[in-house]
file query17.cif (mmCIF, C-alpha atoms)
data_run
loop_
_atom_site.group_PDB
_atom_site.id
_atom_site.type_symbol
_atom_site.label_atom_id
_atom_site.label_comp_id
_atom_site.auth_asym_id
_atom_site.auth_seq_id
_atom_site.Cartn_x
_atom_site.Cartn_y
_atom_site.Cartn_z
ATOM 1 C CA MET T 1 114.088 -68.844 113.072
ATOM 2 C CA THR T 2 116.993 -68.756 110.592
ATOM 3 C CA ARG T 3 115.898 -71.984 108.908
ATOM 4 C CA PHE T 4 112.362 -70.668 108.699
ATOM 5 C CA LEU T 5 113.472 -67.412 107.060
ATOM 6 C CA VAL T 6 115.702 -69.205 104.551
ATOM 7 C CA ARG T 7 112.920 -71.670 103.684
ATOM 8 C CA ARG T 8 110.400 -68.881 103.189
ATOM 9 C CA LEU T 9 112.796 -66.856 101.052
ATOM 10 C CA LEU T 10 113.446 -69.878 98.827
ATOM 11 C CA LEU T 11 109.712 -70.447 98.441
ATOM 12 C CA THR T 12 109.260 -66.880 97.197
ATOM 13 C CA ILE T 13 111.393 -67.589 94.116
ATOM 14 C CA PRO T 14 108.780 -69.716 92.241
ATOM 15 C CA VAL T 15 106.038 -67.305 93.365
ATOM 16 C CA LEU T 16 107.831 -64.290 91.915
ATOM 17 C CA LEU T 17 108.750 -66.256 88.783
ATOM 18 C CA GLY T 18 105.095 -67.140 88.286
ATOM 19 C CA VAL T 19 104.054 -63.515 88.791
ATOM 20 C CA ALA T 20 106.686 -62.293 86.334
ATOM 21 C CA THR T 21 105.601 -64.849 83.730
ATOM 22 C CA LEU T 22 101.917 -64.051 84.153
ATOM 23 C CA VAL T 23 102.486 -60.300 83.958
ATOM 24 C CA PHE T 24 104.660 -60.638 80.855
ATOM 25 C CA SER T 25 102.060 -62.821 79.149
ATOM 26 C CA LEU T 26 99.060 -60.655 80.003
ATOM 27 C CA ILE T 27 100.629 -57.323 79.097
ATOM 28 C CA HIS T 28 101.575 -58.644 75.654
ATOM 29 C CA LEU T 29 98.016 -59.893 75.123
ATOM 30 C CA VAL T 30 96.537 -56.442 75.742
ATOM 31 C CA PRO T 31 95.337 -54.963 72.418
ATOM 32 C CA GLY T 32 97.301 -52.020 71.102
ATOM 33 C CA ASP T 33 100.772 -51.243 69.834
ATOM 34 C CA PRO T 34 103.048 -49.188 72.128
ATOM 35 C CA VAL T 35 105.034 -47.915 69.153
ATOM 36 C CA GLN T 36 101.859 -46.706 67.460
ATOM 37 C CA ALA T 37 100.842 -44.973 70.703
ATOM 38 C CA MET T 38 104.239 -43.257 70.932
ATOM 39 C CA LEU T 39 104.440 -42.066 67.320
ATOM 40 C CA GLY T 40 100.758 -41.342 66.728
ATOM 41 C CA GLU T 41 98.342 -42.404 64.034
ATOM 42 C CA SER T 42 100.116 -40.392 61.321
ATOM 43 C CA ALA T 43 103.442 -42.235 61.660
ATOM 44 C CA SER T 44 104.730 -43.976 58.561
ATOM 45 C CA PRO T 45 105.179 -47.770 58.507
ATOM 46 C CA GLN T 46 108.947 -47.284 58.103
ATOM 47 C CA ASP T 47 109.181 -45.133 61.248
ATOM 48 C CA ILE T 48 107.118 -47.673 63.184
ATOM 49 C CA ALA T 49 109.328 -50.544 62.015
ATOM 50 C CA ASP T 50 112.525 -48.637 62.879
ATOM 51 C CA LEU T 51 111.332 -47.798 66.394
ATOM 52 C CA ARG T 52 110.147 -51.350 67.004
ATOM 53 C CA GLY T 53 113.605 -52.571 66.064
ATOM 54 C CA ARG T 54 115.343 -50.098 68.371
ATOM 55 C CA LEU T 55 113.104 -51.067 71.276
ATOM 56 C CA GLY T 56 113.507 -54.789 70.625
ATOM 57 C CA LEU T 57 109.785 -55.314 70.122
ATOM 58 C CA ASP T 58 110.321 -57.010 66.773
ATOM 59 C CA ARG T 59 111.968 -60.016 68.406
ATOM 60 C CA PRO T 60 110.002 -63.217 69.187
ATOM 61 C CA LEU T 61 108.105 -63.226 72.473
ATOM 62 C CA LEU T 62 110.305 -65.979 73.893
ATOM 63 C CA ALA T 63 113.398 -63.896 73.227
ATOM 64 C CA GLN T 64 111.777 -60.867 74.875
ATOM 65 C CA TYR T 65 110.726 -63.027 77.820
ATOM 66 C CA GLY T 66 114.229 -64.415 78.229
ATOM 67 C CA ALA T 67 115.706 -60.917 78.145
ATOM 68 C CA PHE T 68 113.143 -59.769 80.706
ATOM 69 C CA LEU T 69 113.928 -62.585 83.167
ATOM 70 C CA THR T 70 117.664 -62.072 82.713
ATOM 71 C CA GLY T 71 117.251 -58.403 83.489
ATOM 72 C CA VAL T 72 115.147 -59.145 86.596
ATOM 73 C CA VAL T 73 117.837 -61.492 87.934
ATOM 74 C CA ARG T 74 120.462 -58.781 87.397
ATOM 75 C CA GLY T 75 118.226 -56.136 88.950
ATOM 76 C CA ASP T 76 117.738 -54.423 85.595
ATOM 77 C CA LEU T 77 114.043 -53.979 84.810
ATOM 78 C CA GLY T 78 114.730 -52.165 81.556
ATOM 79 C CA SER T 79 113.763 -48.670 80.488
ATOM 80 C CA SER T 80 110.442 -46.998 79.907
ATOM 81 C CA LEU T 81 109.346 -47.114 76.271
ATOM 82 C CA ARG T 82 107.790 -43.671 76.610
ATOM 83 C CA THR T 83 110.364 -41.630 78.579
ATOM 84 C CA ASN T 84 113.493 -43.800 78.200
ATOM 85 C CA GLN T 85 113.966 -43.489 81.984
ATOM 86 C CA THR T 86 115.019 -46.672 83.725
ATOM 87 C CA VAL T 87 112.130 -48.546 85.315
ATOM 88 C CA THR T 88 113.944 -48.712 88.661
ATOM 89 C CA ALA T 89 114.455 -44.942 88.718
ATOM 90 C CA ALA T 90 110.839 -44.261 87.715
ATOM 91 C CA ILE T 91 109.493 -46.524 90.469
ATOM 92 C CA LEU T 92 111.846 -45.179 93.139
ATOM 93 C CA GLU T 93 110.761 -41.667 92.209
ATOM 94 C CA ARG T 94 107.103 -42.524 92.884
ATOM 95 C CA LEU T 95 107.601 -45.015 95.734
ATOM 96 C CA PRO T 96 107.795 -42.510 98.641
ATOM 97 C CA ALA T 97 104.386 -41.068 97.731
ATOM 98 C CA THR T 98 102.789 -44.529 97.629
ATOM 99 C CA PHE T 99 104.263 -45.622 100.956
ATOM 100 C CA GLU T 100 103.255 -42.310 102.509
ATOM 101 C CA LEU T 101 99.671 -42.895 101.400
ATOM 102 C CA ALA T 102 99.710 -46.566 102.439
ATOM 103 C CA LEU T 103 101.053 -45.814 105.923
ATOM 104 C CA ALA T 104 98.529 -43.004 106.389
ATOM 105 C CA ALA T 105 95.716 -45.347 105.316
ATOM 106 C CA MET T 106 96.892 -48.033 107.743
ATOM 107 C CA CYS T 107 97.010 -45.470 110.568
ATOM 108 C CA VAL T 108 93.487 -44.339 109.724
ATOM 109 C CA ALA T 109 92.301 -47.948 109.690
ATOM 110 C CA ALA T 110 93.938 -48.794 113.029
ATOM 111 C CA ALA T 111 92.705 -45.598 114.693
ATOM 112 C CA ILE T 112 89.119 -46.388 113.688
ATOM 113 C CA ALA T 113 89.008 -50.177 113.813
ATOM 114 C CA ILE T 114 90.762 -51.110 117.049
ATOM 115 C CA PRO T 115 88.758 -48.865 119.425
ATOM 116 C CA LEU T 116 85.544 -49.706 117.543
ATOM 117 C CA GLY T 117 86.230 -53.439 117.707
ATOM 118 C CA ILE T 118 87.128 -53.376 121.415
ATOM 119 C CA VAL T 119 84.043 -51.353 122.344
ATOM 120 C CA ALA T 120 81.821 -53.687 120.285
ATOM 121 C CA ALA T 121 83.354 -56.731 121.987
ATOM 122 C CA VAL T 122 82.949 -55.303 125.484
ATOM 123 C CA ARG T 123 79.345 -54.283 124.723
ATOM 124 C CA ALA T 124 78.530 -57.450 122.758
ATOM 125 C CA GLY T 125 74.820 -57.923 122.204
ATOM 126 C CA THR T 126 73.924 -54.293 122.943
ATOM 127 C CA TRP T 127 72.964 -51.468 120.605
ATOM 128 C CA VAL T 128 76.592 -50.320 120.656
ATOM 129 C CA ASP T 129 77.675 -53.673 119.223
ATOM 130 C CA TYR T 130 74.929 -53.605 116.576
ATOM 131 C CA ALA T 131 75.823 -50.036 115.584
ATOM 132 C CA ALA T 132 79.523 -50.878 115.296
ATOM 133 C CA THR T 133 78.749 -53.992 113.240
ATOM 134 C CA THR T 134 76.495 -51.974 110.937
ATOM 135 C CA VAL T 135 79.199 -49.357 110.422
ATOM 136 C CA ALA T 136 81.708 -52.119 109.638
ATOM 137 C CA LEU T 137 79.363 -53.745 107.106
ATOM 138 C CA ILE T 138 78.773 -50.404 105.395
ATOM 139 C CA GLY T 139 82.516 -49.764 105.268
ATOM 140 C CA ILE T 140 83.216 -53.140 103.680
ATOM 141 C CA SER T 141 80.413 -52.646 101.138
ATOM 142 C CA ILE T 142 81.558 -49.227 99.893
ATOM 143 C CA PRO T 143 84.196 -49.514 97.135
ATOM 144 C CA ASN T 144 86.949 -46.909 97.107
ATOM 145 C CA PHE T 145 86.200 -45.899 93.505
ATOM 146 C CA TRP T 146 82.803 -44.680 94.804
ATOM 147 C CA LEU T 147 83.905 -43.383 98.208
ATOM 148 C CA GLY T 148 86.774 -41.319 96.801
ATOM 149 C CA PRO T 149 84.724 -39.152 94.425
ATOM 150 C CA LEU T 150 82.009 -38.797 97.088
ATOM 151 C CA LEU T 151 84.498 -37.448 99.636
ATOM 152 C CA ALA T 152 86.000 -35.140 97.026
ATOM 153 C CA ILE T 153 82.571 -33.734 96.097
ATOM 154 C CA VAL T 154 81.545 -33.138 99.712
ATOM 155 C CA PHE T 155 84.743 -31.932 101.372
ATOM 156 C CA SER T 156 86.549 -30.336 98.435
ATOM 157 C CA ILE T 157 83.938 -29.004 96.033
ATOM 158 C CA MET T 158 80.933 -28.318 98.290
ATOM 159 C CA LEU T 159 82.637 -27.363 101.570
ATOM 160 C CA GLY T 160 86.056 -26.352 100.248
ATOM 161 C CA TRP T 161 87.830 -27.697 103.321
ATOM 162 C CA LEU T 162 90.401 -29.938 101.636
ATOM 163 C CA PRO T 163 92.260 -29.989 98.300
ATOM 164 C CA VAL T 164 90.789 -32.308 95.725
ATOM 165 C CA ALA T 165 93.977 -33.614 94.125
ATOM 166 C CA GLY T 166 97.752 -33.568 94.194
ATOM 167 C CA ARG T 167 100.394 -33.988 96.878
ATOM 168 C CA GLY T 168 102.241 -31.416 98.917
ATOM 169 C CA THR T 169 100.722 -30.774 102.315
ATOM 170 C CA ALA T 170 99.106 -32.882 105.023
ATOM 171 C CA ALA T 171 95.718 -31.664 103.815
ATOM 172 C CA HIS T 172 96.297 -33.371 100.449
ATOM 173 C CA LEU T 173 96.740 -36.679 102.283
ATOM 174 C CA VAL T 174 93.469 -36.677 104.243
ATOM 175 C CA LEU T 175 90.941 -37.694 101.593
ATOM 176 C CA PRO T 176 93.089 -40.363 99.870
ATOM 177 C CA ALA T 177 94.033 -41.885 103.246
ATOM 178 C CA ILE T 178 90.392 -42.074 104.368
ATOM 179 C CA THR T 179 89.328 -43.510 100.996
ATOM 180 C CA LEU T 180 91.980 -46.198 101.189
ATOM 181 C CA GLY T 181 91.759 -46.889 104.917
ATOM 182 C CA ALA T 182 87.977 -47.041 105.410
ATOM 183 C CA PRO T 183 87.388 -50.514 103.867
ATOM 184 C CA LEU T 184 90.396 -51.887 105.758
ATOM 185 C CA ALA T 185 89.084 -50.354 109.001
ATOM 186 C CA ALA T 186 85.780 -52.142 108.531
ATOM 187 C CA ALA T 187 87.404 -55.565 108.074
ATOM 188 C CA LEU T 188 89.854 -54.952 110.904
ATOM 189 C CA ALA T 189 87.080 -53.860 113.283
ATOM 190 C CA ARG T 190 85.156 -57.091 112.715
ATOM 191 C CA MET T 191 88.300 -59.160 113.303
ATOM 192 C CA THR T 192 89.144 -57.195 116.463
ATOM 193 C CA ARG T 193 85.637 -57.667 117.820
ATOM 194 C CA ALA T 194 85.613 -61.418 117.185
ATOM 195 C CA SER T 195 89.100 -61.952 118.640
ATOM 196 C CA VAL T 196 88.505 -59.906 121.784
ATOM 197 C CA ILE T 197 85.140 -61.595 122.459
ATOM 198 C CA GLU T 198 86.824 -64.992 122.211
ATOM 199 C CA GLU T 199 89.573 -63.971 124.644
ATOM 200 C CA LEU T 200 87.132 -62.410 127.117
ATOM 201 C CA ARG T 201 85.567 -65.850 127.559
ATOM 202 C CA GLU T 202 88.872 -67.402 128.635
ATOM 203 C CA LEU T 203 89.481 -68.329 132.263
ATOM 204 C CA TYR T 204 92.630 -66.224 132.611
ATOM 205 C CA VAL T 205 90.538 -63.062 132.181
ATOM 206 C CA LEU T 206 88.205 -64.175 134.982
ATOM 207 C CA ALA T 207 91.231 -65.044 137.092
ATOM 208 C CA ALA T 208 92.694 -61.600 136.513
ATOM 209 C CA ARG T 209 89.443 -59.979 137.558
ATOM 210 C CA ALA T 210 89.348 -62.209 140.665
ATOM 211 C CA ARG T 211 92.823 -60.980 141.622
ATOM 212 C CA GLY T 212 91.525 -57.428 141.634
ATOM 213 C CA VAL T 213 92.674 -56.348 138.162
ATOM 214 C CA SER T 214 90.479 -53.544 136.837
ATOM 215 C CA PHE T 215 88.112 -54.336 133.987
ATOM 216 C CA ARG T 216 89.916 -51.892 131.682
ATOM 217 C CA ARG T 217 93.278 -53.488 132.366
ATOM 218 C CA ALA T 218 91.838 -56.979 131.967
ATOM 219 C CA VAL T 219 90.469 -56.041 128.547
ATOM 220 C CA LEU T 220 93.434 -54.062 127.219
ATOM 221 C CA GLY T 221 96.318 -55.761 128.999
ATOM 222 C CA HIS T 222 95.108 -59.346 128.828
ATOM 223 C CA ALA T 223 92.298 -60.019 126.344
ATOM 224 C CA PHE T 224 93.319 -57.542 123.649
ATOM 225 C CA ARG T 225 97.007 -58.403 123.905
ATOM 226 C CA ASN T 226 96.336 -62.112 123.427
ATOM 227 C CA SER T 227 93.984 -61.422 120.522
ATOM 228 C CA LEU T 228 96.638 -59.598 118.526
ATOM 229 C CA ILE T 229 97.764 -62.549 116.384
ATOM 230 C CA PRO T 230 94.679 -62.715 114.104
ATOM 231 C CA ILE T 231 94.531 -58.901 114.109
ATOM 232 C CA VAL T 232 98.168 -58.648 113.040
ATOM 233 C CA THR T 233 97.501 -61.266 110.370
ATOM 234 C CA VAL T 234 94.736 -59.172 108.803
ATOM 235 C CA PHE T 235 96.695 -55.956 109.291
ATOM 236 C CA GLY T 236 99.856 -57.321 107.686
ATOM 237 C CA LEU T 237 98.197 -59.043 104.756
ATOM 238 C CA GLN T 238 96.056 -56.005 104.011
ATOM 239 C CA PHE T 239 99.133 -53.843 103.485
ATOM 240 C CA GLY T 240 99.611 -55.471 100.088
ATOM 241 C CA ALA T 241 95.915 -54.952 99.399
ATOM 242 C CA VAL T 242 96.357 -51.284 100.317
ATOM 243 C CA LEU T 243 99.049 -50.941 97.653
ATOM 244 C CA THR T 244 96.716 -52.579 95.134
ATOM 245 C CA GLY T 245 93.827 -50.334 96.157
ATOM 246 C CA ALA T 246 96.139 -47.354 95.856
ATOM 247 C CA VAL T 247 96.048 -47.835 92.083
ATOM 248 C CA ILE T 248 92.443 -46.583 92.016
ATOM 249 C CA THR T 249 92.780 -44.079 94.843
ATOM 250 C CA GLU T 250 95.899 -42.470 93.406
ATOM 251 C CA THR T 251 94.166 -42.119 90.057
ATOM 252 C CA ILE T 252 91.094 -40.475 91.612
ATOM 253 C CA PHE T 253 93.091 -37.925 93.595
ATOM 254 C CA ALA T 254 95.983 -37.513 91.107
ATOM 255 C CA TRP T 255 98.376 -38.750 93.782
ATOM 256 C CA PRO T 256 101.838 -39.138 92.188
ATOM 257 C CA GLY T 257 102.535 -42.685 93.343
ATOM 258 C CA VAL T 258 103.274 -46.085 91.853
ATOM 259 C CA GLY T 259 99.571 -46.859 91.379
ATOM 260 C CA ARG T 260 99.021 -43.844 89.149
ATOM 261 C CA LEU T 261 102.253 -44.638 87.330
ATOM 262 C CA LEU T 262 100.908 -48.141 86.635
ATOM 263 C CA ILE T 263 97.663 -46.806 85.157
ATOM 264 C CA GLN T 264 99.564 -44.340 82.967
ATOM 265 C CA SER T 265 101.925 -47.093 81.826
ATOM 266 C CA ILE T 266 99.030 -49.370 80.867
ATOM 267 C CA ALA T 267 97.470 -46.547 78.849
ATOM 268 C CA PHE T 268 100.703 -46.084 76.878
ATOM 269 C CA ARG T 269 101.382 -49.840 76.593
ATOM 270 C CA ASP T 270 104.701 -49.260 78.378
ATOM 271 C CA TYR T 271 105.558 -52.933 78.900
ATOM 272 C CA PRO T 272 108.704 -52.606 81.072
ATOM 273 C CA LEU T 273 107.124 -50.066 83.412
ATOM 274 C CA VAL T 274 103.913 -52.100 83.841
ATOM 275 C CA GLN T 275 105.936 -55.219 84.616
ATOM 276 C CA GLY T 276 108.106 -53.360 87.120
ATOM 277 C CA CYS T 277 105.136 -51.850 88.985
ATOM 278 C CA ILE T 278 103.297 -55.168 89.283
ATOM 279 C CA LEU T 279 106.472 -56.964 90.376
ATOM 280 C CA LEU T 280 106.859 -54.362 93.120
ATOM 281 C CA ILE T 281 103.329 -55.080 94.361
ATOM 282 C CA ALA T 282 104.016 -58.845 94.301
ATOM 283 C CA VAL T 283 107.272 -58.441 96.233
ATOM 284 C CA THR T 284 105.441 -56.281 98.779
ATOM 285 C CA TYR T 285 102.815 -59.003 99.279
ATOM 286 C CA VAL T 286 105.470 -61.669 99.822
ATOM 287 C CA THR T 287 107.488 -59.451 102.169
ATOM 288 C CA MET T 288 104.457 -58.556 104.287
ATOM 289 C CA ASN T 289 103.517 -62.248 104.570
ATOM 290 C CA LEU T 290 107.021 -63.002 105.832
ATOM 291 C CA LEU T 291 107.023 -60.116 108.325
ATOM 292 C CA THR T 292 103.582 -61.174 109.576
ATOM 293 C CA ASP T 293 104.827 -64.697 110.277
ATOM 294 C CA VAL T 294 107.854 -63.324 112.119
ATOM 295 C CA ALA T 295 105.586 -61.068 114.179
ATOM 296 C CA TYR T 296 103.746 -64.184 115.417
ATOM 297 C CA GLY T 297 106.830 -65.293 117.315
ATOM 298 C CA LEU T 298 107.296 -61.866 118.863
ATOM 299 C CA LEU T 299 103.666 -61.608 120.008
ATOM 300 C CA ASP T 300 103.347 -65.192 121.232
ATOM 301 C CA PRO T 301 106.581 -66.795 122.552
ATOM 302 C CA ARG T 302 104.872 -70.199 122.446
ATOM 303 C CA ILE T 303 105.151 -70.175 118.663
ATOM 304 C CA ARG T 304 108.327 -71.802 117.365
ATOM 305 C CA PHE T 305 109.315 -71.841 113.716
ATOM 306 C CA ASP T 306 112.225 -74.310 113.727
#

call {"tool": "encode", "arguments": {"input": "query17.cif", "output": "C-alpha cells"}}
result
Amino acid sequence: MTRFLVRRLLLTIPVLLGVATLVFSLIHLVPGDPVQAMLGESASPQDIADLRGRLGLDRPLLAQYGAFLTGVVRGDLGSSLRTNQTVTAAILERLPATFELALAAMCVAAAIAIPLGIVAAVRAGTWVDYAATTVALIGISIPNFWLGPLLAIVFSIMLGWLPVAGRGTAAHLVLPAITLGAPLAAALARMTRASVIEELRELYVLAARARGVSFRRAVLGHAFRNSLIPIVTVFGLQFGAVLTGAVITETIFAWPGVGRLLIQSIAFRDYPLVQGCILLIAVTYVTMNLLTDVAYGLLDPRIRFD
C-alpha cells in the first residue's frame, strides 16, 4: 500500500504541472486588461502603466509563469489583483461553504440514488424498473443551470417555502444541494441498478437464499455489499465534478463559495485568484481519485496494490 501511495503521489506532480501551465496560458489569452478593469475606462495611460508595473504585469509572460510556478512550489499563490488579499486566504475563506454544499449534494444524491437503484434492480423488468430508469434519464438530461432557476421560481418565488439565495440556515442549503445532487443521483442510480443486478445473478446469492437467508438480507448484505466497488468509483470521481458544477450552482443561488469566487475573479481578470481556484479543483480531483483507489482495498480484501 505504501509503494502504491508514493507512486500515485509522484504521478500527480506532472498532472498538476500540466493543469497549472494550461490555466496560466488560458487566463492570459482571455481578452481584457485587469488593470483597465480595476481603474475604469477613465484612467490615464500613466496610471495604467504604473499599476501594471506594481503588479508585475508588465514583465514577459515567461517571467510571470516562472514566478507563478515558484510561488506554487513554496505554497504562495500570490495576492488578488482586486482586493490585495492573499489567494490562499481568499480561498480558505470560501472553502467551508463549498464543501458544505458539496457534501450536502452528495448526501442528497446517495439518499435518492441508492434506494432507487436497489429497488429497480430487485424489480428488474417491471414497471417499477422502467419508472426508475425514466426518472434517472430525466435527471441526467436536466442541466443544473436550468434546474436551479426552476426550483428557485417554484419553491422560493411562487410558494415562498425556501430562501432564493445566500447562506446562513439549513433552508438556504436545500435548493442548491438538490440542484447539484440531482444529476449525480441519476447517474449513481443507474450504476447501482446495473451493479446489483449483476451481483444478484451470482451463485453466492442463490447459496445464501438456500441456507435460509432472507431475501432482504441477501440483497443488502450480500449483493449490494459486493456491488459497492463500481458505485464507490462513480461516487468518488463525481465529487470533483460536484465542485466543478458548484461554479454554476453557487452563482445561481449567490452561495459564497469557491465557485462563485472563481466566476467573480474571471469577470475582473484576477489572474492569481482564477489560477488558485482552478488549481484547488484539480487537486481535489486527484485526491478523490487516490482515495477512491484506496477504498477499493477496504471494500474488497482481494485487491492488492503492491

call {"tool": "resolve_selection", "arguments": {"input": "query17.cif", "expression": "the PyMOL selection byres ((chain T and resi 95-101) around 9)", "output": "ChimeraX atom specification"}}
result
/T:90-94,102-106,167,173,176-177,180,243,246,250,255-259

call {"tool": "write_last_selection", "arguments": {"input": "query17.cif", "atoms": "C-alpha atoms", "output": "PDB file, keeping the file's coordinate frame"}}
result
ATOM      1  CA  ALA T  90     110.839 -44.261  87.715  1.00  0.00           C
ATOM      2  CA  ILE T  91     109.493 -46.524  90.469  1.00  0.00           C
ATOM      3  CA  LEU T  92     111.846 -45.179  93.139  1.00  0.00           C
ATOM      4  CA  GLU T  93     110.761 -41.667  92.209  1.00  0.00           C
ATOM      5  CA  ARG T  94     107.103 -42.524  92.884  1.00  0.00           C
ATOM      6  CA  ALA T 102      99.710 -46.566 102.439  1.00  0.00           C
ATOM      7  CA  LEU T 103     101.053 -45.814 105.923  1.00  0.00           C
ATOM      8  CA  ALA T 104      98.529 -43.004 106.389  1.00  0.00           C
ATOM      9  CA  ALA T 105      95.716 -45.347 105.316  1.00  0.00           C
ATOM     10  CA  MET T 106      96.892 -48.033 107.743  1.00  0.00           C
ATOM     11  CA  ARG T 167     100.394 -33.988  96.878  1.00  0.00           C
ATOM     12  CA  LEU T 173      96.740 -36.679 102.283  1.00  0.00           C
ATOM     13  CA  PRO T 176      93.089 -40.363  99.870  1.00  0.00           C
ATOM     14  CA  ALA T 177      94.033 -41.885 103.246  1.00  0.00           C
ATOM     15  CA  LEU T 180      91.980 -46.198 101.189  1.00  0.00           C
ATOM     16  CA  LEU T 243      99.049 -50.941  97.653  1.00  0.00           C
ATOM     17  CA  ALA T 246      96.139 -47.354  95.856  1.00  0.00           C
ATOM     18  CA  GLU T 250      95.899 -42.470  93.406  1.00  0.00           C
ATOM     19  CA  TRP T 255      98.376 -38.750  93.782  1.00  0.00           C
ATOM     20  CA  PRO T 256     101.838 -39.138  92.188  1.00  0.00           C
ATOM     21  CA  GLY T 257     102.535 -42.685  93.343  1.00  0.00           C
ATOM     22  CA  VAL T 258     103.274 -46.085  91.853  1.00  0.00           C
ATOM     23  CA  GLY T 259      99.571 -46.859  91.379  1.00  0.00           C
TER      24      GLY T 259
END

call {"tool": "closest_atom_pairs", "arguments": {"input": "query17.cif", "of": "region 201-285 of chain T", "to": "region 189-195 of chain T", "cutoff": "8 Å", "atoms": "all atoms listed in the file", "output": "tab-separated table"}}
result
residue	atom	partner	partner_atom	distance
T:Phe224	CA	T:Ser195	CA	7.9
T:Ser227	CA	T:Ser195	CA	5.3
T:Leu228	CA	T:Ser195	CA	7.9
T:Pro230	CA	T:Ser195	CA	7.2
T:Ile231	CA	T:Thr192	CA	6.1
T:Val234	CA	T:Met191	CA	7.9

call {"tool": "atom_distance", "arguments": {"input": "query17.cif", "atom1": "CA of Gly166 (chain T)", "atom2": "CA of Ala254 (chain T)"}}
result
5.3 Å

call {"tool": "closest_residue", "arguments": {"input": "query17.cif", "among": "T:Thr179, T:Thr88, T:Ser25, T:Ser44", "to": "Phe253 (chain T)", "atoms": "only C-alpha atoms"}}
result
T:Thr179

call {"tool": "residues_near_point", "arguments": {"input": "query17.cif", "point": "(84.6, -37.3, 99.4)", "cutoff": "12 Å", "atoms": "all atoms listed in the file", "output": "ChimeraX atom specification"}}
result
/T:144-165,174-180,182,249,252-253

call {"tool": "axis_aligned_box", "arguments": {"input": "query17.cif", "around": "region 176-181 of chain T", "padding_each_side": "4 Å", "output": "AutoDock Vina command-line options"}}
result
--center_x 91.7 --center_y -43.6 --center_z 102.4 --size_x 12.7 --size_y 14.5 --size_z 13.0

call {"tool": "atom_distance", "arguments": {"input": "query17.cif", "atom1": "CA of Thr133 (chain T)", "atom2": "CA of Glu199 (chain T)"}}
result
18.6 Å

call {"tool": "resolve_selection", "arguments": {"input": "query17.cif", "expression": "the PyMOL selection byres ((chain T and resi 218) around 12)", "output": "list in words"}}
result
Val122, Val196, Glu199, Leu200, Arg201, Glu202, Leu203, Tyr204, Val205, Leu206, Ala207, Ala208, Arg209, Ala210, Arg211, Gly212, Val213, Ser214, Phe215, Arg216, Arg217, Val219, Leu220, Gly221, His222, Ala223, Phe224, Arg225 and Asn226 of chain T

call {"tool": "resolve_selection", "arguments": {"input": "query17.cif", "expression": "the PyMOL selection byres ((chain T and resi 274) around 9)", "output": "list of chain:residue names"}}
result
T:Val23, T:Ile27, T:Leu261, T:Leu262, T:Ile263, T:Gln264, T:Ser265, T:Ile266, T:Arg269, T:Asp270, T:Tyr271, T:Pro272, T:Leu273, T:Gln275, T:Gly276, T:Cys277, T:Ile278, T:Leu279

call {"tool": "atom_distance", "arguments": {"input": "query17.cif", "atom1": "CA of Leu17 (chain T)", "atom2": "CA of Gly66 (chain T)"}}
result
12.0 Å

call {"tool": "closest_residue", "arguments": {"input": "query17.cif", "among": "T:Gly125, T:Pro60, T:Pro183, T:Pro115", "to": "Ile140 (chain T)", "atoms": "only C-alpha atoms"}}
result
T:Pro183

call {"tool": "closest_residue", "arguments": {"input": "query17.cif", "among": "T:Thr70, T:Thr251, T:Thr287, T:Ser141", "to": "Leu11 (chain T)", "atoms": "only C-alpha atoms"}}
result
T:Thr287

call {"tool": "closest_residue", "arguments": {"input": "query17.cif", "among": "T:Ile114, T:Val294, T:Leu62, T:Ala49", "to": "Thr2 (chain T)", "atoms": "only C-alpha atoms"}}
result
T:Val294

call {"tool": "build_atoms", "arguments": {"input": "query17.cif", "residues": "region 92-102 of chain T", "atoms": "N, CA and C atoms", "output": "PDB file, in the frame of the given file"}}
result
ATOM      1  N   LEU T  92     111.303 -45.778  91.920  1.00  0.00           N
ATOM      2  CA  LEU T  92     111.846 -45.179  93.139  1.00  0.00           C
ATOM      3  C   LEU T  92     111.430 -43.722  93.281  1.00  0.00           C
ATOM      4  N   GLU T  93     111.212 -43.059  92.162  1.00  0.00           N
ATOM      5  CA  GLU T  93     110.761 -41.667  92.209  1.00  0.00           C
ATOM      6  C   GLU T  93     109.347 -41.559  92.740  1.00  0.00           C
ATOM      7  N   ARG T  94     108.506 -42.558  92.457  1.00  0.00           N
ATOM      8  CA  ARG T  94     107.103 -42.524  92.884  1.00  0.00           C
ATOM      9  C   ARG T  94     106.866 -43.296  94.187  1.00  0.00           C
ATOM     10  N   LEU T  95     107.810 -44.129  94.592  1.00  0.00           N
ATOM     11  CA  LEU T  95     107.601 -45.015  95.734  1.00  0.00           C
ATOM     12  C   LEU T  95     107.343 -44.273  97.047  1.00  0.00           C
ATOM     13  N   PRO T  96     108.069 -43.201  97.364  1.00  0.00           N
ATOM     14  CA  PRO T  96     107.795 -42.510  98.641  1.00  0.00           C
ATOM     15  C   PRO T  96     106.352 -42.033  98.761  1.00  0.00           C
ATOM     16  N   ALA T  97     105.771 -41.543  97.676  1.00  0.00           N
ATOM     17  CA  ALA T  97     104.386 -41.068  97.731  1.00  0.00           C
ATOM     18  C   ALA T  97     103.434 -42.219  98.016  1.00  0.00           C
ATOM     19  N   THR T  98     103.675 -43.376  97.401  1.00  0.00           N
ATOM     20  CA  THR T  98     102.789 -44.529  97.629  1.00  0.00           C
ATOM     21  C   THR T  98     102.889 -45.036  99.053  1.00  0.00           C
ATOM     22  N   PHE T  99     104.112 -45.144  99.587  1.00  0.00           N
ATOM     23  CA  PHE T  99     104.263 -45.622 100.956  1.00  0.00           C
ATOM     24  C   PHE T  99     103.723 -44.605 101.960  1.00  0.00           C
ATOM     25  N   GLU T 100     103.848 -43.331 101.647  1.00  0.00           N
ATOM     26  CA  GLU T 100     103.255 -42.310 102.509  1.00  0.00           C
ATOM     27  C   GLU T 100     101.740 -42.483 102.578  1.00  0.00           C
ATOM     28  N   LEU T 101     101.120 -42.692 101.439  1.00  0.00           N
ATOM     29  CA  LEU T 101      99.671 -42.895 101.400  1.00  0.00           C
ATOM     30  C   LEU T 101      99.282 -44.198 102.078  1.00  0.00           C
ATOM     31  N   ALA T 102     100.035 -45.272 101.841  1.00  0.00           N
ATOM     32  CA  ALA T 102      99.710 -46.566 102.439  1.00  0.00           C
ATOM     33  C   ALA T 102      99.824 -46.506 103.958  1.00  0.00           C
TER      34      ALA T 102
END
